[in-house]
$ cat model33.pdb   # PDB, C-alpha atoms
MODEL        1
ATOM      1  CA  MET A 215      -6.741 -48.394 -73.224
ATOM      2  CA  SER A 216     -10.176 -49.932 -72.965
ATOM      3  CA  GLY A 217     -12.644 -48.858 -70.307
ATOM      4  CA  ALA A 218     -12.597 -51.983 -68.158
ATOM      5  CA  LEU A 219      -8.806 -52.018 -68.053
ATOM      6  CA  ALA A 220      -8.725 -48.350 -67.050
ATOM      7  CA  VAL A 221     -11.183 -48.964 -64.225
ATOM      8  CA  ALA A 222      -9.175 -51.973 -63.028
ATOM      9  CA  SER A 223      -5.993 -49.881 -63.125
ATOM     10  CA  TRP A 224      -7.603 -47.084 -61.094
ATOM     11  CA  VAL A 225      -8.961 -49.488 -58.520
ATOM     12  CA  LEU A 226      -5.586 -51.210 -58.112
ATOM     13  CA  LEU A 227      -3.710 -47.897 -57.873
ATOM     14  CA  ALA A 228      -6.152 -46.507 -55.304
ATOM     15  CA  ALA A 229      -5.964 -49.654 -53.183
ATOM     16  CA  GLY A 230      -2.169 -49.643 -53.407
ATOM     17  CA  SER A 231      -2.037 -45.999 -52.325
ATOM     18  CA  VAL A 232      -4.277 -46.717 -49.350
ATOM     19  CA  PHE A 233      -2.125 -49.663 -48.282
ATOM     20  CA  ALA A 234       1.075 -47.641 -48.708
ATOM     21  CA  VAL A 235      -0.169 -44.796 -46.515
ATOM     22  CA  VAL A 236      -1.583 -47.201 -43.920
ATOM     23  CA  GLY A 237       1.772 -48.953 -43.677
ATOM     24  CA  GLY A 238       3.525 -45.593 -43.417
ATOM     25  CA  VAL A 239       1.278 -44.548 -40.547
ATOM     26  CA  GLY A 240       1.891 -47.944 -38.957
ATOM     27  CA  ILE A 241       5.662 -47.604 -39.051
ATOM     28  CA  VAL A 242       5.397 -44.286 -37.207
ATOM     29  CA  ARG A 243       2.613 -45.033 -34.734
ATOM     30  CA  LEU A 244       3.104 -48.648 -33.655
ATOM     31  CA  PRO A 245       4.733 -49.130 -30.250
ATOM     32  CA  ASP A 246       7.780 -51.365 -30.746
ATOM     33  CA  PHE A 247      10.092 -52.750 -33.404
ATOM     34  CA  PHE A 248       8.364 -56.045 -34.125
ATOM     35  CA  THR A 249       4.993 -54.376 -34.565
ATOM     36  CA  ARG A 250       6.565 -51.761 -36.826
ATOM     37  CA  MET A 251       7.780 -54.592 -39.068
ATOM     38  CA  HIS A 252       4.108 -55.332 -39.687
ATOM     39  CA  GLY A 253       3.587 -51.851 -41.090
ATOM     40  CA  ALA A 254       6.655 -52.098 -43.289
ATOM     41  CA  GLY A 255       5.483 -55.508 -44.503
ATOM     42  CA  ILE A 256       2.136 -54.060 -45.582
ATOM     43  CA  THR A 257       3.757 -51.444 -47.805
ATOM     44  CA  ASP A 258       6.316 -53.900 -49.164
ATOM     45  CA  THR A 259       3.786 -56.544 -50.213
ATOM     46  CA  MET A 260       0.294 -55.115 -50.687
ATOM     47  CA  GLY A 261       1.367 -51.576 -51.599
ATOM     48  CA  ALA A 262       4.032 -52.594 -54.088
ATOM     49  CA  ALA A 263       2.005 -55.412 -55.663
ATOM     50  CA  LEU A 264      -1.166 -53.369 -56.094
ATOM     51  CA  ILE A 265       0.582 -50.264 -57.439
ATOM     52  CA  LEU A 266       2.716 -52.265 -59.887
ATOM     53  CA  GLY A 267      -0.380 -54.255 -60.880
ATOM     54  CA  GLY A 268      -2.220 -51.011 -61.578
ATOM     55  CA  LEU A 269       0.663 -49.807 -63.722
ATOM     56  CA  LEU A 270       0.695 -53.184 -65.477
ATOM     57  CA  CYS A 271      -2.893 -52.566 -66.628
ATOM     58  CA  GLN A 272      -1.728 -49.303 -68.261
ATOM     59  CA  SER A 273       1.403 -50.644 -69.927
ATOM     60  CA  PRO A 274       1.491 -49.653 -73.603
ATOM     61  CA  ASP A 275       3.437 -52.663 -74.902
ATOM     62  CA  TRP A 276       4.782 -55.996 -73.708
ATOM     63  CA  GLN A 277       8.338 -54.774 -72.976
ATOM     64  CA  VAL A 278       7.069 -52.370 -70.330
ATOM     65  CA  ALA A 279       4.927 -55.161 -68.882
ATOM     66  CA  VAL A 280       7.934 -57.483 -68.675
ATOM     67  CA  LYS A 281       9.980 -54.794 -66.899
ATOM     68  CA  LEU A 282       7.180 -54.216 -64.405
ATOM     69  CA  LEU A 283       6.951 -57.947 -63.746
ATOM     70  CA  MET A 284      10.724 -58.105 -63.225
ATOM     71  CA  ILE A 285      10.558 -55.258 -60.689
ATOM     72  CA  LEU A 286       7.703 -57.076 -58.951
ATOM     73  CA  ALA A 287       9.676 -60.330 -58.858
ATOM     74  CA  PHE A 288      12.782 -58.623 -57.415
ATOM     75  CA  LEU A 289      10.750 -56.857 -54.751
ATOM     76  CA  PHE A 290       8.961 -60.071 -53.833
ATOM     77  CA  ILE A 291      12.251 -61.934 -53.441
ATOM     78  CA  THR A 292      14.248 -59.301 -51.594
ATOM     79  CA  SER A 293      11.804 -57.599 -49.241
ATOM     80  CA  PRO A 294      10.664 -60.725 -47.287
ATOM     81  CA  THR A 295      14.285 -61.877 -47.145
ATOM     82  CA  SER A 296      15.447 -58.596 -45.660
ATOM     83  CA  GLY A 297      12.508 -58.525 -43.257
ATOM     84  CA  HIS A 298      13.296 -62.026 -42.040
ATOM     85  CA  ALA A 299      17.003 -61.248 -41.660
ATOM     86  CA  LEU A 300      16.226 -58.043 -39.813
ATOM     87  CA  ALA A 301      13.873 -59.750 -37.353
ATOM     88  CA  ARG A 302      16.414 -62.486 -36.681
ATOM     89  CA  ALA A 303      19.189 -59.950 -36.179
ATOM     90  CA  ALA A 304      17.007 -57.970 -33.770
ATOM     91  CA  LEU A 305      16.168 -61.115 -31.790
ATOM     92  CA  ALA A 306      19.808 -62.242 -31.761
ATOM     93  CA  ASN A 307      20.861 -58.844 -30.433
ATOM     94  CA  GLY A 308      18.502 -59.089 -27.486
ATOM     95  CA  LEU A 309      15.584 -56.972 -28.650
ATOM     96  CA  LYS A 310      12.516 -58.397 -26.904
ATOM     97  CA  PRO A 311       9.039 -58.204 -28.402
ATOM     98  CA  ARG A 312       6.655 -56.255 -26.198
ATOM     99  CA  LEU A 313       4.213 -58.735 -24.720
ATOM    100  CA  ASP A 314       1.249 -58.698 -22.394
ATOM    101  CA  GLU A 315       2.449 -58.007 -18.839
ATOM    102  CA  ARG A 316       1.288 -61.242 -17.172
ATOM    103  CA  GLU A 317       2.549 -63.299 -20.079
ATOM    104  CA  THR A 318       5.960 -61.605 -19.766
ATOM    105  CA  GLU A 319       6.220 -62.576 -16.111
ATOM    106  CA  ALA A 320       5.129 -66.145 -16.847
ATOM    107  CA  THR A 321       7.603 -66.682 -19.683
ATOM    108  CA  SER A 322      10.528 -64.899 -18.029
ATOM    109  CA  SER A 323      10.873 -67.691 -15.460
ATOM    110  CA  THR A 324      11.083 -70.435 -18.105
ATOM    111  CA  PRO A 325      14.488 -70.930 -19.738
TER     112      PRO A 325
ATOM    113  CA  MET B 188      -5.070 -41.295 -60.546
ATOM    114  CA  LEU B 189      -1.333 -41.605 -61.078
ATOM    115  CA  ASP B 190      -0.659 -38.299 -59.308
ATOM    116  CA  VAL B 191      -2.727 -39.419 -56.319
ATOM    117  CA  THR B 192      -0.631 -42.583 -56.155
ATOM    118  CA  MET B 193       2.541 -40.509 -56.368
ATOM    119  CA  VAL B 194       1.411 -38.282 -53.495
ATOM    120  CA  ALA B 195       0.564 -41.376 -51.423
ATOM    121  CA  ILE B 196       4.018 -42.836 -52.060
ATOM    122  CA  LEU B 197       5.677 -39.528 -51.145
ATOM    123  CA  VAL B 198       3.689 -39.356 -47.908
ATOM    124  CA  THR B 199       4.766 -42.901 -47.073
ATOM    125  CA  MET B 200       8.388 -42.027 -47.796
ATOM    126  CA  ALA B 201       8.134 -38.999 -45.503
ATOM    127  CA  LEU B 202       6.707 -41.162 -42.711
ATOM    128  CA  ALA B 203       9.477 -43.717 -43.209
ATOM    129  CA  LEU B 204      12.062 -40.921 -43.007
ATOM    130  CA  ALA B 205      10.460 -39.710 -39.784
ATOM    131  CA  ARG B 206      10.824 -43.176 -38.267
ATOM    132  CA  ALA B 207      14.371 -43.464 -39.583
ATOM    133  CA  SER B 208      15.340 -40.213 -37.902
ATOM    134  CA  MET B 209      13.690 -40.885 -34.527
ATOM    135  CA  GLY B 210      13.833 -44.696 -34.311
ATOM    136  CA  PRO B 211      15.098 -45.732 -30.869
ATOM    137  CA  THR B 212      17.093 -48.750 -32.062
ATOM    138  CA  VAL B 213      19.283 -49.245 -35.123
ATOM    139  CA  PHE B 214      16.870 -51.927 -36.366
ATOM    140  CA  ASP B 215      14.058 -49.391 -36.592
ATOM    141  CA  ARG B 216      16.273 -47.227 -38.751
ATOM    142  CA  ILE B 217      17.232 -50.126 -41.026
ATOM    143  CA  LEU B 218      13.579 -51.133 -41.364
ATOM    144  CA  ALA B 219      12.559 -47.590 -42.296
ATOM    145  CA  VAL B 220      15.385 -47.156 -44.795
ATOM    146  CA  ASN B 221      14.611 -50.525 -46.403
ATOM    147  CA  MET B 222      10.997 -49.464 -46.798
ATOM    148  CA  PHE B 223      12.184 -46.139 -48.214
ATOM    149  CA  GLY B 224      14.149 -48.029 -50.879
ATOM    150  CA  THR B 225      11.123 -50.084 -51.894
ATOM    151  CA  LYS B 226       9.029 -46.951 -52.140
ATOM    152  CA  THR B 227      11.738 -45.349 -54.288
ATOM    153  CA  VAL B 228      11.336 -48.140 -56.846
ATOM    154  CA  LEU B 229       7.567 -47.628 -56.900
ATOM    155  CA  LEU B 230       7.950 -43.848 -57.159
ATOM    156  CA  ILE B 231      10.279 -44.158 -60.138
ATOM    157  CA  ALA B 232       7.856 -46.528 -61.889
ATOM    158  CA  VAL B 233       4.893 -44.212 -61.266
ATOM    159  CA  ILE B 234       6.836 -41.142 -62.452
ATOM    160  CA  GLY B 235       7.781 -43.066 -65.593
ATOM    161  CA  PHE B 236       4.121 -43.661 -66.371
ATOM    162  CA  LEU B 237       3.108 -40.134 -65.359
ATOM    163  CA  THR B 238       5.555 -38.485 -67.741
ATOM    164  CA  ASP B 239       5.051 -41.154 -70.428
ATOM    165  CA  ARG B 240       8.695 -42.191 -70.375
ATOM    166  CA  PRO B 241       8.864 -45.976 -69.840
ATOM    167  CA  GLU B 242      12.687 -45.836 -69.764
ATOM    168  CA  PHE B 243      12.296 -44.911 -66.098
ATOM    169  CA  LEU B 244      11.420 -48.549 -65.449
ATOM    170  CA  ASP B 245      15.043 -49.465 -66.141
ATOM    171  CA  LEU B 246      16.092 -47.099 -63.374
ATOM    172  CA  GLY B 247      13.532 -48.771 -61.137
ATOM    173  CA  LEU B 248      15.073 -52.145 -61.923
ATOM    174  CA  VAL B 249      18.501 -50.805 -60.970
ATOM    175  CA  TYR B 250      17.093 -49.527 -57.691
ATOM    176  CA  ALA B 251      15.542 -52.934 -57.021
ATOM    177  CA  LEU B 252      18.984 -54.496 -57.549
ATOM    178  CA  ILE B 253      20.522 -51.928 -55.181
ATOM    179  CA  ASN B 254      17.917 -53.037 -52.659
ATOM    180  CA  PHE B 255      19.217 -56.564 -53.134
ATOM    181  CA  ILE B 256      22.722 -55.360 -52.280
ATOM    182  CA  GLY B 257      21.192 -53.848 -49.189
ATOM    183  CA  VAL B 258      19.818 -57.275 -48.326
ATOM    184  CA  VAL B 259      23.302 -58.760 -48.616
ATOM    185  CA  ALA B 260      24.592 -56.078 -46.250
ATOM    186  CA  LEU B 261      21.766 -56.974 -43.882
ATOM    187  CA  LEU B 262      22.775 -60.620 -43.970
ATOM    188  CA  ARG B 263      26.246 -59.514 -42.907
ATOM    189  CA  PHE B 264      24.595 -57.542 -40.146
ATOM    190  CA  ILE B 265      22.721 -60.624 -38.932
ATOM    191  CA  ARG B 266      25.991 -62.541 -38.726
ATOM    192  CA  PHE B 267      28.058 -60.030 -36.773
ATOM    193  CA  GLY B 268      25.510 -57.626 -35.300
ATOM    194  CA  HIS B 269      27.464 -54.633 -36.640
ATOM    195  CA  PHE B 270      29.398 -53.658 -39.746
ATOM    196  CA  ALA B 271      32.873 -53.856 -38.212
ATOM    197  CA  GLU B 272      35.661 -56.059 -39.561
ATOM    198  CA  PRO B 273      35.489 -59.719 -38.430
ATOM    199  CA  ASP B 274      38.530 -59.639 -36.077
ATOM    200  CA  GLU B 275      37.294 -56.457 -34.515
ATOM    201  CA  ALA B 276      33.826 -57.985 -34.214
ATOM    202  CA  GLU B 277      35.275 -61.002 -32.407
ATOM    203  CA  ARG B 278      37.032 -58.707 -29.974
ATOM    204  CA  MET B 279      33.790 -56.832 -29.365
ATOM    205  CA  ASP B 280      31.786 -60.018 -28.845
ATOM    206  CA  ARG B 281      34.017 -61.407 -26.132
TER     207      ARG B 281
ENDMDL
END

$ encode --input "model33.pdb" --output "structure tokens"
Amino acid sequence: MSGALAVASWVLLAAGSVFAVVGGVGIVRLPDFFTRMHGAGITDTMGAALILGGLLCQSPDWQVAVKLLMILAFLFITSPTSGHALARAALANGLKPRLDERETEATSSTP
Amino acid sequence: MLDVTMVAILVTMALALARASMGPTVFDRILAVNMFGTKTVLLIAVIGFLTDRPEFLDLGLVYALINFIGVVALLRFIRFGHFAEPDEAERMDR
């Protein structure tokens, strides 16, 4: 592995780790369900893409690279789909996003 | 660097498990478990590189496909709001 590729791999892996932990903290600390989806979305997109990209820089041959790209493609198709379905199911089951107080009063009177 | 990434993924999985165990609504739990599944795929890939065994990537692919099955189950959830049988669901909706 050449030097530049190793440095790129380290940078991508470090950034992916940071995004993964930040999203994990977000899913615990944020106040309601729709804000927690934001934290989960960070780990599913930035964390996964950066970590798999960092591994891609270290892949010894093209078969490993193709497998990594396939994992990346599956994650990028399924995780936004499940997030969208989950948000719609939560809304359909009457879970209200937490809004600013005045805005809540203003919108609650409109149909 | 790979071990640092693995520790970060494990910490994230622990946080997701914490949310899954204490989440007030069922949607919080589903969100946390879905995130846990994604992190499992990443963890398997990183372990494969750490131990120099690229066959682990095949297992990661299988886990990604299992995640897809989870998405299909979620789409059923969006339709009925719960995992009961359709006639039972209709009775519960009315």

$ resolve_selection --input "model33.pdb" --expression "the PyMOL selection byres ((chain B and resi 248) around 8)" --output "compact mmCIF listing (two decimals) with C-alpha atoms, in the frame of the given file"
# COMPACT_ATOMS: atom_id res chain seq x y z
CA LYS A 281 9.98 -54.79 -66.90
CA MET A 284 10.72 -58.10 -63.22
CA ILE A 285 10.56 -55.26 -60.69
CA VAL B 228 11.34 -48.14 -56.85
CA LEU B 244 11.42 -48.55 -65.45
CA ASP B 245 15.04 -49.46 -66.14
CA LEU B 246 16.09 -47.10 -63.37
CA GLY B 247 13.53 -48.77 -61.14
CA VAL B 249 18.50 -50.80 -60.97
CA TYR B 250 17.09 -49.53 -57.69
CA ALA B 251 15.54 -52.93 -57.02
CA LEU B 252 18.98 -54.50 -57.55

$ resolve_selection --input "model33.pdb" --expression "the ChimeraX specification (/B :<6) & /A" --output "list of chain:residue names"
A:Ser231, A:Val235, A:Gly238, A:Val242, A:Ile285, A:Thr292, A:Ser296, A:Ala303

$ atom_distance --input "model33.pdb" --atom1 "CA of Val220 (chain B)" --atom2 "CA of Ser208 (chain B)"
9.8 Å

$ resolve_selection --input "model33.pdb" --expression "the PyMOL selection byres ((chain A and resi 265) around 9)" --output "MDAnalysis selection string"
(chainID A and resid 223 226:231 260:264 266:270) or (chainID B and resid 192 229 233)

$ atom_distance --input "model33.pdb" --atom1 "CA of His298 (chain A)" --atom2 "CA of Gly255 (chain A)"
10.5 Å

$ atom_distance --input "model33.pdb" --atom1 "CA of Thr295 (chain A)" --atom2 "CA of Asp258 (chain A)"
11.5 Å

$ residues_around --input "model33.pdb" --residues "Ile256 (chain A)" --least-positions-apart "4" --cutoff "8 Å" --atoms "all atoms listed in the file" --output "PyMOL selection string"
chain A and resi 233-234+236-237+252+260-261

$ axis_aligned_box --input "model33.pdb" --around "region 221-239 of chain A" --padding-each-side "5 Å" --output "JSON"
{"center_x": -3.8, "center_y": -48.3, "center_z": -52.4, "size_x": 24.7, "size_y": 17.4, "size_z": 33.7}
